[in-house]
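So this one's query-v4.cif, mmCIF, C-alpha atoms and all ligand atoms:
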data_final
loop_
_atom_site.label_atom_id
_atom_site.label_comp_id
_atom_site.auth_asym_id
_atom_site.auth_seq_id
_atom_site.Cartn_x
_atom_site.Cartn_y
_atom_site.Cartn_z
CA MET C 9 0.00 0.00 0.00
CA GLU C 10 2.86 2.37 0.87
CA LYS C 11 3.95 2.16 -2.78
CA ARG C 12 1.04 4.38 -3.67
CA LEU C 13 2.24 7.17 -1.42
CA SER C 14 4.56 9.92 -2.54
CA LYS C 15 7.98 10.40 -0.97
CA ARG C 16 6.63 13.63 0.50
CA ALA C 17 3.74 11.88 2.22
CA LEU C 18 6.02 9.16 3.53
CA SER C 19 8.43 11.74 4.91
CA LEU C 20 5.70 13.08 7.22
CA LYS C 21 5.71 10.83 10.26
CA ALA C 22 3.20 10.90 13.07
CA SER C 23 4.78 12.40 16.17
CA PRO C 24 4.68 10.80 19.65
CA ILE C 25 2.42 13.73 20.51
CA GLN C 26 -0.36 12.23 18.36
CA GLU C 27 -0.15 8.88 20.16
CA LEU C 28 -0.29 10.67 23.49
CA SER C 29 -3.29 12.68 22.28
CA HIS C 30 -5.12 9.42 21.61
CA LEU C 31 -4.14 8.12 25.04
CA ALA C 32 -5.37 11.38 26.59
CA GLN C 33 -8.73 11.00 24.83
CA ARG C 34 -9.11 7.39 25.96
CA CYS C 35 -8.32 8.41 29.55
CA ASN C 36 -10.57 11.45 29.35
CA ALA C 37 -7.66 13.54 30.60
CA ILE C 38 -7.77 17.30 31.20
CA ASN C 39 -6.24 18.79 28.09
CA LEU C 40 -3.29 21.06 28.86
CA ALA C 41 -1.64 19.74 25.72
CA GLU C 42 -3.01 21.69 22.84
CA GLY C 43 -2.72 25.44 22.45
CA PHE C 44 -6.36 26.20 21.84
CA PRO C 45 -8.58 27.96 24.37
CA ASP C 46 -11.48 26.05 25.95
CA PHE C 47 -13.38 29.23 26.83
CA PRO C 48 -15.84 31.13 24.64
CA ALA C 49 -14.96 33.71 22.00
CA PRO C 50 -16.12 37.31 22.64
CA PRO C 51 -19.91 37.56 22.10
CA ALA C 52 -19.64 40.45 19.60
CA ILE C 53 -17.58 38.46 17.15
CA LYS C 54 -19.77 35.37 17.49
CA ASP C 55 -22.74 37.61 16.70
CA ALA C 56 -20.88 38.96 13.66
CA ALA C 57 -20.32 35.40 12.37
CA ILE C 58 -23.97 34.49 12.92
CA ALA C 59 -25.09 37.67 11.17
CA ALA C 60 -22.77 36.90 8.23
CA ILE C 61 -24.27 33.44 7.81
CA ARG C 62 -27.80 34.91 8.05
CA ALA C 63 -26.82 37.47 5.41
CA ASP C 64 -25.78 34.57 3.15
CA PHE C 65 -22.07 35.24 2.93
CA ASN C 66 -21.69 31.68 1.77
CA GLN C 67 -19.53 31.92 -1.32
CA TYR C 68 -15.81 32.43 -2.00
CA ARG C 69 -14.94 35.83 -0.66
CA HIS C 70 -12.21 38.38 -0.16
CA VAL C 71 -12.94 40.96 2.52
CA GLN C 72 -10.69 43.85 1.54
CA ALA C 73 -11.63 45.72 4.71
CA ILE C 74 -9.57 43.16 6.70
CA CYS C 75 -6.46 44.19 4.73
CA ASP C 76 -7.32 47.87 5.20
CA TYR C 77 -7.64 47.40 8.93
CA LEU C 78 -4.45 45.34 9.19
CA ALA C 79 -2.52 48.07 7.35
CA TYR C 80 -3.97 50.67 9.71
CA THR C 81 -2.98 48.71 12.87
CA LEU C 82 0.47 47.87 11.52
CA LYS C 83 1.11 51.59 11.17
CA LEU C 84 -0.28 52.24 14.63
CA THR C 85 1.55 49.48 16.50
CA GLN C 86 4.78 48.97 14.52
CA GLY C 87 5.05 52.24 12.59
CA LEU C 88 5.04 50.36 9.27
CA ASP C 89 3.57 51.59 5.99
CA VAL C 90 2.04 48.88 3.83
CA ASP C 91 -0.40 49.06 0.94
CA PRO C 92 -3.52 47.11 1.92
CA LYS C 93 -4.23 46.29 -1.72
CA LYS C 94 -0.75 45.11 -2.64
CA ASN C 95 1.07 43.88 0.47
CA ILE C 96 -1.51 41.71 2.22
CA ALA C 97 -2.95 38.27 1.46
CA ILE C 98 -5.79 36.82 3.54
CA CYS C 99 -5.30 33.09 4.14
CA CYS C 100 -6.82 30.17 6.07
CA GLY C 101 -5.10 30.87 9.36
CA GLN C 102 -1.41 31.50 10.00
CA SER C 103 -0.79 27.87 9.03
CA GLU C 104 -1.81 28.36 5.43
CA ALA C 105 -0.20 31.80 5.29
CA PHE C 106 3.08 30.23 6.43
CA ALA C 107 2.84 27.31 3.99
CA ALA C 108 2.07 29.71 1.13
CA ALA C 109 4.96 31.97 2.20
CA ILE C 110 7.36 29.02 2.12
CA LEU C 111 6.04 27.86 -1.27
CA ALA C 112 6.41 31.41 -2.55
CA VAL C 113 10.11 31.77 -1.69
CA VAL C 114 11.72 28.35 -1.13
CA ASP C 115 13.11 26.26 -3.98
CA GLU C 116 14.68 22.78 -3.97
CA GLY C 117 17.99 22.95 -2.15
CA ASP C 118 17.34 26.23 -0.35
CA GLU C 119 18.11 26.27 3.35
CA VAL C 120 15.78 27.80 5.90
CA LEU C 121 17.03 28.67 9.38
CA LEU C 122 14.86 27.76 12.34
CA LEU C 123 15.45 28.46 16.00
CA ASP C 124 15.27 25.31 18.12
CA PRO C 125 12.97 24.45 19.89
CA ALA C 126 10.45 25.25 17.18
CA TYR C 127 6.73 24.90 16.52
CA GLU C 128 6.28 21.63 14.71
CA THR C 129 4.70 22.60 11.41
CA TYR C 130 7.52 24.78 10.06
CA GLU C 131 9.74 21.86 9.21
CA ALA C 132 7.05 19.96 7.31
CA CYS C 133 6.26 23.01 5.15
CA ILE C 134 9.92 23.59 4.36
CA THR C 135 10.66 19.97 3.43
CA MET C 136 7.46 19.69 1.37
CA ALA C 137 8.69 22.70 -0.63
CA GLY C 138 12.01 20.89 -1.22
CA GLY C 139 13.94 23.08 1.19
CA THR C 140 16.25 22.04 4.01
CA PRO C 141 15.56 23.16 7.58
CA VAL C 142 18.75 24.16 9.44
CA TYR C 143 18.36 24.52 13.18
CA VAL C 144 20.07 26.98 15.47
CA ALA C 145 19.65 25.90 19.09
CA LEU C 146 18.52 28.52 21.56
CA ASN C 147 20.41 28.11 24.83
CA PRO C 148 18.44 26.74 27.77
CA PRO C 149 17.29 27.57 30.36
CA CYS C 150 16.42 31.09 29.18
CA TRP C 151 16.47 30.25 25.45
CA THR C 152 19.03 32.89 24.59
CA LEU C 153 20.15 33.33 21.02
CA GLU C 154 23.92 33.16 20.50
CA LEU C 155 25.13 35.40 17.74
CA GLU C 156 28.03 33.08 16.87
CA LYS C 157 25.74 30.11 16.41
CA LEU C 158 23.46 32.10 14.19
CA ILE C 159 26.34 33.38 12.06
CA LEU C 160 27.67 29.85 11.64
CA ALA C 161 24.33 28.63 10.37
CA PHE C 162 24.31 30.92 7.33
CA THR C 163 25.56 29.52 4.02
CA PRO C 164 25.26 30.65 0.40
CA ARG C 165 22.12 28.49 0.25
CA THR C 166 20.34 30.23 3.13
CA LYS C 167 17.14 31.65 1.69
CA ALA C 168 15.15 32.51 4.76
CA ILE C 169 14.97 32.53 8.54
CA VAL C 170 11.81 31.80 10.52
CA LEU C 171 11.17 33.84 13.65
CA ASN C 172 8.32 33.01 16.00
CA SER C 173 7.82 35.64 18.71
CA PRO C 174 6.12 35.35 21.19
CA HIS C 175 7.52 31.84 20.99
CA ASN C 176 5.91 28.44 21.13
CA PRO C 177 6.87 26.36 23.16
CA THR C 178 9.02 28.51 25.49
CA GLY C 179 7.02 31.72 25.91
CA LYS C 180 10.07 33.78 24.97
CA VAL C 181 9.50 37.25 23.51
CA PHE C 182 12.53 38.27 21.46
CA SER C 183 14.02 41.55 22.64
CA LYS C 184 14.87 44.55 20.50
CA ASP C 185 18.59 43.68 20.84
CA GLU C 186 18.05 40.12 19.64
CA LEU C 187 15.88 41.30 16.77
CA THR C 188 18.53 43.86 15.81
CA VAL C 189 21.14 41.09 15.55
CA ILE C 190 18.83 38.95 13.41
CA ALA C 191 17.87 41.90 11.23
CA GLU C 192 21.47 42.93 10.62
CA LEU C 193 22.39 39.41 9.58
CA CYS C 194 19.35 39.13 7.30
CA CYS C 195 20.32 42.37 5.55
CA ARG C 196 23.97 41.36 5.29
CA MET C 197 23.16 37.90 3.95
CA HIS C 198 20.25 38.99 1.69
CA CYS C 199 18.02 36.63 3.63
CA ILE C 200 14.24 36.72 3.82
CA ALA C 201 12.59 36.62 7.26
CA ILE C 202 9.29 34.82 7.78
CA THR C 203 7.72 35.72 11.08
CA ASP C 204 5.00 33.92 13.00
CA GLU C 205 3.27 36.49 15.19
CA VAL C 206 0.11 34.61 16.21
CA TYR C 207 0.72 35.44 19.88
CA GLU C 208 1.45 39.12 19.16
CA HIS C 209 -1.20 40.35 21.62
CA ILE C 210 -0.29 37.98 24.45
CA THR C 211 2.73 39.44 26.26
CA PHE C 212 3.41 40.07 29.93
CA GLY C 213 5.12 42.63 32.14
CA SER C 214 7.81 44.60 30.37
CA ALA C 215 7.92 42.25 27.37
CA VAL C 216 6.69 44.03 24.26
CA HIS C 217 5.99 42.43 20.91
CA ILE C 218 8.15 44.01 18.22
CA SER C 219 7.73 42.80 14.67
CA LEU C 220 11.04 41.94 13.01
CA ALA C 221 9.70 43.81 9.97
CA SER C 222 9.98 47.08 11.92
CA LEU C 223 13.79 46.88 12.21
CA PRO C 224 15.83 48.94 9.71
CA GLY C 225 15.98 47.35 6.26
CA MET C 226 13.55 44.56 7.17
CA LEU C 227 10.18 45.63 5.74
CA GLU C 228 11.40 44.89 2.23
CA ARG C 229 12.58 41.38 3.22
CA THR C 230 10.02 40.19 5.77
CA ILE C 231 6.88 38.12 5.41
CA ILE C 232 4.73 38.62 8.51
CA THR C 233 2.25 35.81 9.18
CA SER C 234 -0.43 35.89 11.84
CA SER C 235 -4.11 35.22 12.45
CA ILE C 236 -7.14 35.84 14.62
CA SER C 237 -6.91 32.29 16.09
CA LYS C 238 -5.30 32.98 19.45
CA THR C 239 -6.20 36.61 20.09
CA TYR C 240 -9.93 35.97 19.83
CA SER C 241 -10.11 32.28 20.89
CA VAL C 242 -11.27 31.15 17.44
CA THR C 243 -8.66 28.64 16.27
CA GLY C 244 -11.29 26.80 14.23
CA TRP C 245 -12.35 29.81 12.17
CA ARG C 246 -9.26 29.73 9.97
CA VAL C 247 -8.66 33.38 9.17
CA GLY C 248 -5.08 34.60 8.96
CA TRP C 249 -2.84 36.70 6.74
CA ALA C 250 0.56 37.27 5.25
CA ILE C 251 1.99 40.78 4.93
CA ALA C 252 4.91 40.92 2.51
CA PRO C 253 6.72 42.90 -0.19
CA VAL C 254 4.49 43.33 -3.25
CA GLU C 255 5.79 40.51 -5.47
CA ILE C 256 5.86 38.01 -2.58
CA ALA C 257 2.39 39.01 -1.38
CA SER C 258 1.10 38.56 -4.91
CA ALA C 259 2.70 35.08 -5.13
CA ILE C 260 1.22 34.14 -1.75
CA ARG C 261 -2.22 35.32 -2.93
CA ASN C 262 -1.90 33.18 -6.07
CA ILE C 263 -0.86 30.13 -4.06
CA HIS C 264 -3.69 30.69 -1.59
CA VAL C 265 -6.24 30.93 -4.42
CA LYS C 266 -4.93 27.73 -6.02
CA LEU C 267 -4.97 25.87 -2.69
CA THR C 268 -8.18 27.02 -1.02
CA ASP C 269 -9.66 29.91 -3.03
CA SER C 270 -10.73 31.83 0.04
CA ALA C 271 -10.75 31.82 3.81
CA PRO C 272 -14.21 30.96 5.24
CA ALA C 273 -16.52 33.80 4.17
CA PRO C 274 -18.63 34.32 7.31
CA PHE C 275 -15.55 34.17 9.51
CA GLN C 276 -13.79 36.79 7.40
CA GLU C 277 -16.75 39.05 8.14
CA ALA C 278 -16.47 38.26 11.83
CA ALA C 279 -12.68 38.76 11.71
CA LEU C 280 -13.26 42.32 10.68
CA THR C 281 -15.36 42.90 13.80
CA ALA C 282 -12.69 41.15 15.88
CA LEU C 283 -9.82 43.24 14.51
CA GLN C 284 -11.72 46.40 15.42
CA SER C 285 -11.83 45.43 19.11
CA VAL C 286 -11.32 48.28 21.53
CA PRO C 287 -7.88 48.65 23.24
CA GLU C 288 -9.50 47.52 26.52
CA TYR C 289 -10.06 44.08 24.95
CA PHE C 290 -6.32 43.56 24.40
CA GLU C 291 -5.55 44.89 27.87
CA SER C 292 -7.94 42.47 29.54
CA LEU C 293 -6.68 39.60 27.33
CA ARG C 294 -3.15 40.22 28.65
CA MET C 295 -4.37 40.48 32.24
CA GLU C 296 -6.38 37.25 32.03
CA TYR C 297 -3.48 35.34 30.52
CA ASN C 298 -1.02 36.85 32.97
CA GLU C 299 -3.11 35.44 35.83
CA ARG C 300 -3.29 32.02 34.18
CA ARG C 301 0.44 32.01 33.53
CA ASP C 302 1.22 32.84 37.18
CA PHE C 303 -1.18 30.15 38.35
CA MET C 304 0.44 27.53 36.12
CA VAL C 305 4.02 28.54 36.97
CA ASP C 306 3.25 28.39 40.72
CA LEU C 307 1.50 25.05 40.39
CA LEU C 308 4.34 23.46 38.41
CA ASN C 309 6.99 24.82 40.78
CA ARG C 310 5.02 23.47 43.74
CA VAL C 311 4.79 19.95 42.34
CA GLY C 312 8.50 19.75 41.67
CA PHE C 313 9.13 21.01 38.14
CA LYS C 314 11.90 23.46 37.41
CA VAL C 315 10.52 26.54 35.75
CA HIS C 316 13.68 28.55 35.14
CA PHE C 317 12.13 30.71 32.51
CA LYS C 318 8.91 32.51 33.30
CA PRO C 319 7.05 32.92 30.00
CA GLN C 320 7.07 36.48 28.67
CA GLY C 321 4.29 35.80 26.19
CA ALA C 322 2.19 33.18 24.33
CA VAL C 323 0.18 30.58 26.27
CA PHE C 324 2.61 27.87 27.38
CA VAL C 325 4.93 27.01 30.25
CA PHE C 326 7.91 24.92 29.14
CA ALA C 327 8.84 23.22 32.40
CA GLU C 328 11.87 21.04 33.08
CA LEU C 329 11.71 17.69 34.86
CA PRO C 330 13.88 17.68 38.00
CA GLU C 331 17.04 15.54 38.13
CA THR C 332 15.24 13.23 40.57
CA CYS C 333 12.93 12.11 37.79
CA ALA C 334 14.45 9.27 35.82
CA MET C 335 11.75 9.26 33.19
CA SER C 336 12.06 10.87 29.79
CA ASP C 337 9.56 13.54 28.78
CA VAL C 338 7.51 11.03 26.76
CA GLU C 339 7.41 8.50 29.61
CA TYR C 340 6.50 11.22 32.08
CA VAL C 341 3.62 12.52 29.96
CA ALA C 342 2.27 8.98 29.52
CA LYS C 343 2.24 8.68 33.34
CA LEU C 344 0.76 12.14 33.75
CA ILE C 345 -2.13 11.10 31.55
CA THR C 346 -2.76 7.69 33.11
CA VAL C 347 -2.01 8.52 36.77
CA ALA C 348 -3.07 12.16 37.13
CA GLY C 349 -5.52 12.40 34.22
CA ILE C 350 -3.77 15.42 32.70
CA ALA C 351 -2.44 15.70 29.17
CA ALA C 352 0.61 17.82 28.31
CA VAL C 353 3.14 17.70 25.47
CA PRO C 354 6.60 16.13 25.73
CA GLY C 355 9.19 18.72 24.74
CA CYS C 356 11.07 16.38 22.37
CA GLY C 357 8.49 17.13 19.66
CA PHE C 358 9.81 20.71 19.52
CA PHE C 359 13.50 19.83 19.45
CA HIS C 360 15.28 18.48 16.42
CA THR C 361 17.71 15.67 16.11
CA ARG C 362 21.33 15.65 15.22
CA GLU C 363 20.65 14.06 11.84
CA LYS C 364 18.32 16.83 10.81
CA LEU C 365 20.75 19.45 12.04
CA SER C 366 23.95 18.20 10.54
CA ARG C 367 25.70 21.13 9.01
CA GLN C 368 28.46 18.74 7.87
CA GLU C 369 26.04 17.09 5.44
CA SER C 370 25.03 20.49 4.23
CA SER C 371 26.99 23.36 2.77
CA GLN C 372 29.55 25.23 4.84
CA SER C 373 29.18 28.54 6.59
CA ILE C 374 30.34 31.41 4.46
CA LEU C 375 30.86 33.70 7.38
CA ASP C 376 33.20 31.34 9.14
CA PRO C 377 34.97 28.89 6.84
CA VAL C 378 35.69 26.59 9.78
CA SER C 379 32.51 24.65 10.43
CA ARG C 380 32.15 24.04 14.16
CA PRO C 381 29.22 21.71 14.70
CA GLU C 382 29.96 21.27 18.42
CA SER C 383 29.18 24.91 19.03
CA MET C 384 25.78 24.45 17.44
CA GLY C 385 24.40 21.93 19.85
CA TRP C 386 24.68 18.59 18.14
CA CYS C 387 28.07 17.39 19.31
CA GLU C 388 28.15 13.68 20.29
CA GLY C 389 30.03 14.36 23.49
CA SER C 390 27.86 17.20 24.67
CA HIS C 391 25.75 15.46 27.28
CA THR C 392 23.88 18.46 28.59
CA LEU C 393 22.79 19.40 25.13
CA LYS C 394 22.00 15.80 24.22
CA ASP C 395 19.88 15.38 27.29
CA TYR C 396 17.90 18.57 27.71
CA ARG C 397 15.82 17.77 24.65
CA ASN C 398 14.10 14.97 26.59
CA ARG C 399 13.61 16.90 29.83
CA TYR C 400 10.93 19.46 29.03
CA ILE C 401 7.15 19.28 29.18
CA ARG C 402 4.90 21.90 27.59
CA PHE C 403 1.77 22.89 29.51
CA ALA C 404 -0.83 25.10 27.79
CA TYR C 405 -2.63 27.53 30.09
CA CYS C 406 -5.05 28.99 27.54
CA LYS C 407 -7.77 27.20 29.49
CA SER C 408 -10.73 28.27 31.59
CA LYS C 409 -10.09 28.86 35.27
CA ALA C 410 -12.28 25.82 35.99
CA THR C 411 -10.02 23.64 33.82
CA LEU C 412 -6.88 25.00 35.47
CA MET C 413 -8.34 24.50 38.96
CA ALA C 414 -9.34 20.93 38.09
CA ALA C 415 -5.82 20.26 36.81
CA ALA C 416 -4.33 21.69 40.02
CA ASP C 417 -6.65 19.54 42.07
CA LYS C 418 -5.61 16.41 40.23
CA LEU C 419 -1.92 17.21 40.53
CA ASN C 420 -2.24 18.00 44.24
CA LYS C 421 -4.28 14.85 44.87
CA CYS C 422 -1.46 12.86 43.35
CA ASN C 423 0.64 14.58 45.98
CA GLY C 424 2.50 16.60 43.40
CA LEU C 425 2.50 13.63 41.09
CA LEU C 426 5.15 11.68 42.92
CA VAL C 427 6.22 10.10 39.67
CA LEU C 428 8.50 13.11 39.48
CA HIS C 429 10.60 11.44 42.16
CA GLU C 430 10.02 7.84 41.15
CA ILE C 431 12.90 5.95 39.61
C1 LIG C 501 3.37 29.35 17.02
C2 LIG C 501 2.08 29.01 16.33
N1 LIG C 501 1.87 29.42 15.08
C3 LIG C 501 0.73 29.14 14.45
C4 LIG C 501 -0.28 28.40 15.02
C5 LIG C 501 -1.50 28.11 14.24
O1 LIG C 501 -2.16 29.28 13.88
P1 LIG C 501 -3.48 29.27 12.98
O2 LIG C 501 -4.59 28.69 13.79
O3 LIG C 501 -3.71 30.68 12.65
O4 LIG C 501 -3.19 28.43 11.78
C6 LIG C 501 -0.10 27.93 16.33
C7 LIG C 501 -1.12 27.10 16.97
O5 LIG C 501 -0.93 26.49 17.99
C8 LIG C 501 1.11 28.25 17.00
O6 LIG C 501 1.33 27.85 18.25
#
How does this structure look as structure tokens?
Ligand SMILES: Cc1ncc(COP(=O)(O)O)c(C=O)c1O
Amino acid sequence: MEKRLSKRALSLKASPIQELSHLAQRCNAINLAEGFPDFPAPPAIKDAAIAAIRADFNQYRHVQAICDYLAYTLKLTQGLDVDPKKNIAICCGQSEAFAAAILAVVDEGDEVLLLDPAYETYEACITMAGGTPVYVALNPPCWTLELEKLILAFTPRTKAIVLNSPHNPTGKVFSKDELTVIAELCCRMHCIAITDEVYEHITFGSAVHISLASLPGMLERTIITSSISKTYSVTGWRVGWAIAPVEIASAIRNIHVKLTDSAPAPFQEAALTALQSVPEYFESLRMEYNERRDFMVDLLNRVGFKVHFKPQGAVFVFAELPETCAMSDVEYVAKLITVAGIAAVPGCGFFHTREKLSRQESSQSILDPVSRPESMGWCEGSHTLKDYRNRYIRFAYCKSKATLMAAADKLNKCNGLLVLHEI
């Protein structure tokens, strides 16, 4: 039967996360695994969707007013000037916008830089386009970006870099200094940046979301992708966008039309209402999530996890198993589901293996002719680096307070889930 499948299809393997999702369903576990909210969307935007269906917006559709509004807010929040008619493509969520962006700029043999750990779908899009993902490991525990590592990753084949900020799974929000370093390298190396900004409105404390496109020289080489999914708790509505230089935006629009024709019509109408939310909406969104984050960080610390890095944004805590726990992340999550009745995601799904990383199999850095793979996090002898990829668990806190309380109750009843200390 496998003979009928293409090499591309065969290259896409189910992750251990999917198996654990099935286990979680069978055990009826509380879902802290997936990054979708389990609380209602704002009533006004639900009403807008209902009204759009009643008004028979049932056919393929392009709601130009979404582009107009996005251009207006991009100017307001990031100081960027884009033409709503030429620079913006509406897509089916960030996922399709990202896939279309990759298809628009990546050819066979092109390399695309990714920061590790990374959201799972980037790699699949890049390889399906014939490109090669090249990973640059962020340094735990605070997921800092090392300039030297990044420089070493560039080669003459580097076509693009992907930047996800606020970051899934760590909750890191890249600082202005880090973005400046990335921007300078992109300009120097004539590299395109593809950003994933789906968590742009979910930041905490002094962390501020800055789009990489707003750095000097970057607007002309950046494809911004984002969506309404997370900001308005509507991950199933599938409305997102890409904002890019004219010829790239036009290519993305063409690819989008060939793939799906249009994002769901009634939800585009409702997206327009959503995007026009008052500033107080975004303020209360941040406050609500801030509370949930603090709750989750406290809970995980109390039951024995090591949370070195307090998330600055997004909706996840990436917590480390203590040394006393002999289980791997996958084993631990299996226990968490069956013993405590809570589902989370083993971190290994976000990290990438040595084989995939190997710069030696790929072309050599042009900025430093001496390739130094050990400095990039895939050296055989580097035990810390080898090990940390199996020591993290991702907990999503974009859940109702009732769900979070129930999860806390279950963890506490298991006396802090003693499996943490079980050998
Ligand atoms: C970093 C990141 N990007 C994109 C998405 C998906 O966005 P969309 O629903 O707009 O396709 C997710 C969903 O979990 C995500 O975590």
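With only C-alpha atoms and all ligand atoms as the atoms that count, the minimum distance from ligand LIG 501 (chain C) to the choices C:Glu205, C:Glu10, C:Glu291, C:Glu192 is reached by C:Glu205.
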Test item: residues lying within 10 Å of ligand LIG 501 (chain C) with only C-alpha atoms and all ligand atoms, as a PyMOL selection string
chain C and resi 42-44+99-107+126-130+171-177+179+203-207+233-239+241-249+322-324+404
Could you take the residues named above and write them with C-alpha atoms, as a CSV table (one decimal), keeping the file's coordinate frame?
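Okay, part_3.csv is ready:
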chain,number,residue,atom,x,y,z
C,42,GLU,CA,-3.0,21.7,22.8
C,43,GLY,CA,-2.7,25.4,22.4
C,44,PHE,CA,-6.4,26.2,21.8
C,99,CYS,CA,-5.3,33.1,4.1
C,100,CYS,CA,-6.8,30.2,6.1
C,101,GLY,CA,-5.1,30.9,9.4
C,102,GLN,CA,-1.4,31.5,10.0
C,103,SER,CA,-0.8,27.9,9.0
C,104,GLU,CA,-1.8,28.4,5.4
C,105,ALA,CA,-0.2,31.8,5.3
C,106,PHE,CA,3.1,30.2,6.4
C,107,ALA,CA,2.8,27.3,4.0
C,126,ALA,CA,10.4,25.2,17.2
C,127,TYR,CA,6.7,24.9,16.5
C,128,GLU,CA,6.3,21.6,14.7
C,129,THR,CA,4.7,22.6,11.4
C,130,TYR,CA,7.5,24.8,10.1
C,171,LEU,CA,11.2,33.8,13.6
C,172,ASN,CA,8.3,33.0,16.0
C,173,SER,CA,7.8,35.6,18.7
C,174,PRO,CA,6.1,35.4,21.2
C,175,HIS,CA,7.5,31.8,21.0
C,176,ASN,CA,5.9,28.4,21.1
C,177,PRO,CA,6.9,26.4,23.2
C,179,GLY,CA,7.0,31.7,25.9
C,203,THR,CA,7.7,35.7,11.1
C,204,ASP,CA,5.0,33.9,13.0
C,205,GLU,CA,3.3,36.5,15.2
C,206,VAL,CA,0.1,34.6,16.2
C,207,TYR,CA,0.7,35.4,19.9
C,233,THR,CA,2.2,35.8,9.2
C,234,SER,CA,-0.4,35.9,11.8
C,235,SER,CA,-4.1,35.2,12.4
C,236,ILE,CA,-7.1,35.8,14.6
C,237,SER,CA,-6.9,32.3,16.1
C,238,LYS,CA,-5.3,33.0,19.4
C,239,THR,CA,-6.2,36.6,20.1
C,241,SER,CA,-10.1,32.3,20.9
C,242,VAL,CA,-11.3,31.2,17.4
C,243,THR,CA,-8.7,28.6,16.3
C,244,GLY,CA,-11.3,26.8,14.2
C,245,TRP,CA,-12.4,29.8,12.2
C,246,ARG,CA,-9.3,29.7,10.0
C,247,VAL,CA,-8.7,33.4,9.2
C,248,GLY,CA,-5.1,34.6,9.0
C,249,TRP,CA,-2.8,36.7,6.7
C,322,ALA,CA,2.2,33.2,24.3
C,323,VAL,CA,0.2,30.6,26.3
C,324,PHE,CA,2.6,27.9,27.4
C,404,ALA,CA,-0.8,25.1,27.8
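The residue set within 6 Å of range 338-352 of chain C, counting only C-alpha atoms and dropping same-chain residues fewer than 3 places from it, reads Ala32, Ala37, Ile38, Asn39, Leu40, Ala41, Met335, Arg402, Phe403 and Lys418 of chain C.
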Write the residues you've just listed into a file as a short mmCIF file (atom, residue, chain, number, x, y, z; two decimals), keeping the file's coordinate frame, and include C-alpha atoms for each of them.
data_model
loop_
_atom_site.label_atom_id
_atom_site.label_comp_id
_atom_site.auth_asym_id
_atom_site.auth_seq_id
_atom_site.Cartn_x
_atom_site.Cartn_y
_atom_site.Cartn_z
CA ALA C 32 -5.37 11.38 26.59
CA ALA C 37 -7.66 13.54 30.60
CA ILE C 38 -7.77 17.30 31.20
CA ASN C 39 -6.24 18.79 28.09
CA LEU C 40 -3.29 21.06 28.86
CA ALA C 41 -1.64 19.74 25.72
CA MET C 335 11.75 9.26 33.19
CA ARG C 402 4.90 21.90 27.59
CA PHE C 403 1.77 22.89 29.51
CA LYS C 418 -5.61 16.41 40.23
#
Figure out the distance between CA of Tyr405 in chain C and CA of Ile210 in chain C, please, to one decimal in Å.
12.1 Å
Two-atom distance - CA of Ala201 in chain C, CA of Thr268 in chain C (Å):
24.3 Å
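One distance worth recording is that between CA of Pro149 in chain C and CA of Ser183 in chain C, which is 16.3 Å.
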Of C:Glu255, C:Ile232, C:Lys21, C:Gln67, the one nearest to Ala112 in chain C when counting all atoms listed in the file is C:Glu255
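Counting only C-alpha atoms and comparing C:Thr230, C:Ser19, C:Gln320, C:Gln276, the residue that lies closest to Met136 in chain C is C:Ser19.
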Taking (8.6, 34.9, -0.2) in the coordinates of the supplied file, I want to know which residues reach to within 9 Å of it, counting only C-alpha atoms; could you give the answer as a list in words?
Ala108, Ala109, Ile110, Leu111, Ala112, Val113, Val114, Ala168, Ile200, Ala201, Ile202, Arg229, Thr230, Ile231, Ala252, Pro253, Glu255, Ile256, Ala257, Ala259 and Ile260 of chain C
Asp55 in chain C proximity check over C:Glu228, C:Asp91, C:Glu154, C:Glu277, using only C-alpha atoms: winner is C:Glu277
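In terms of minimum interatomic distance to Glu296 in chain C, C:Cys406 ranks closest within C:Cys133, C:Cys406, C:Val181, C:Leu220, counting all atoms listed in the file.
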Give me, as a PyMOL selection string, all polymer residues having an atom no more than 10 Å from Trp151 in chain C, counting all atoms listed in the file and skipping those fewer than 5 positions away in the same chain.
chain C and resi 123-125+145-146+178-180+182+317
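Of the residues listed (C:Val216, C:Thr163, C:Leu121, C:His70), C:Leu121 shows the shortest atom-to-atom separation from Val144 in chain C; distances use all atoms listed in the file.
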Can you pull out every residue within 9 Å of Lys314 in chain C, counting only C-alpha atoms, but drop anything in the same chain fewer than 5 positions away, and send it as a VMD selection string?
chain C and resid 308 to 309 327 to 330
Got a sec: who's within 8 Å of Met304 in chain C, counting only C-alpha atoms, leaving out chain neighbours fewer than 3 positions off, as a PyMOL selection string?
chain C and resi 300-301+307-308+325+405+412
Put the listed atoms of range 192-208 of chain C in a box along x, y and z with 6 Å added on every side and give me the centre and edge lengths in Å to one decimal, as AutoDock Vina command-line options.
--center_x 12.0 --center_y 38.4 --center_z 10.8 --size_x 35.9 --size_y 21.0 --size_z 30.2
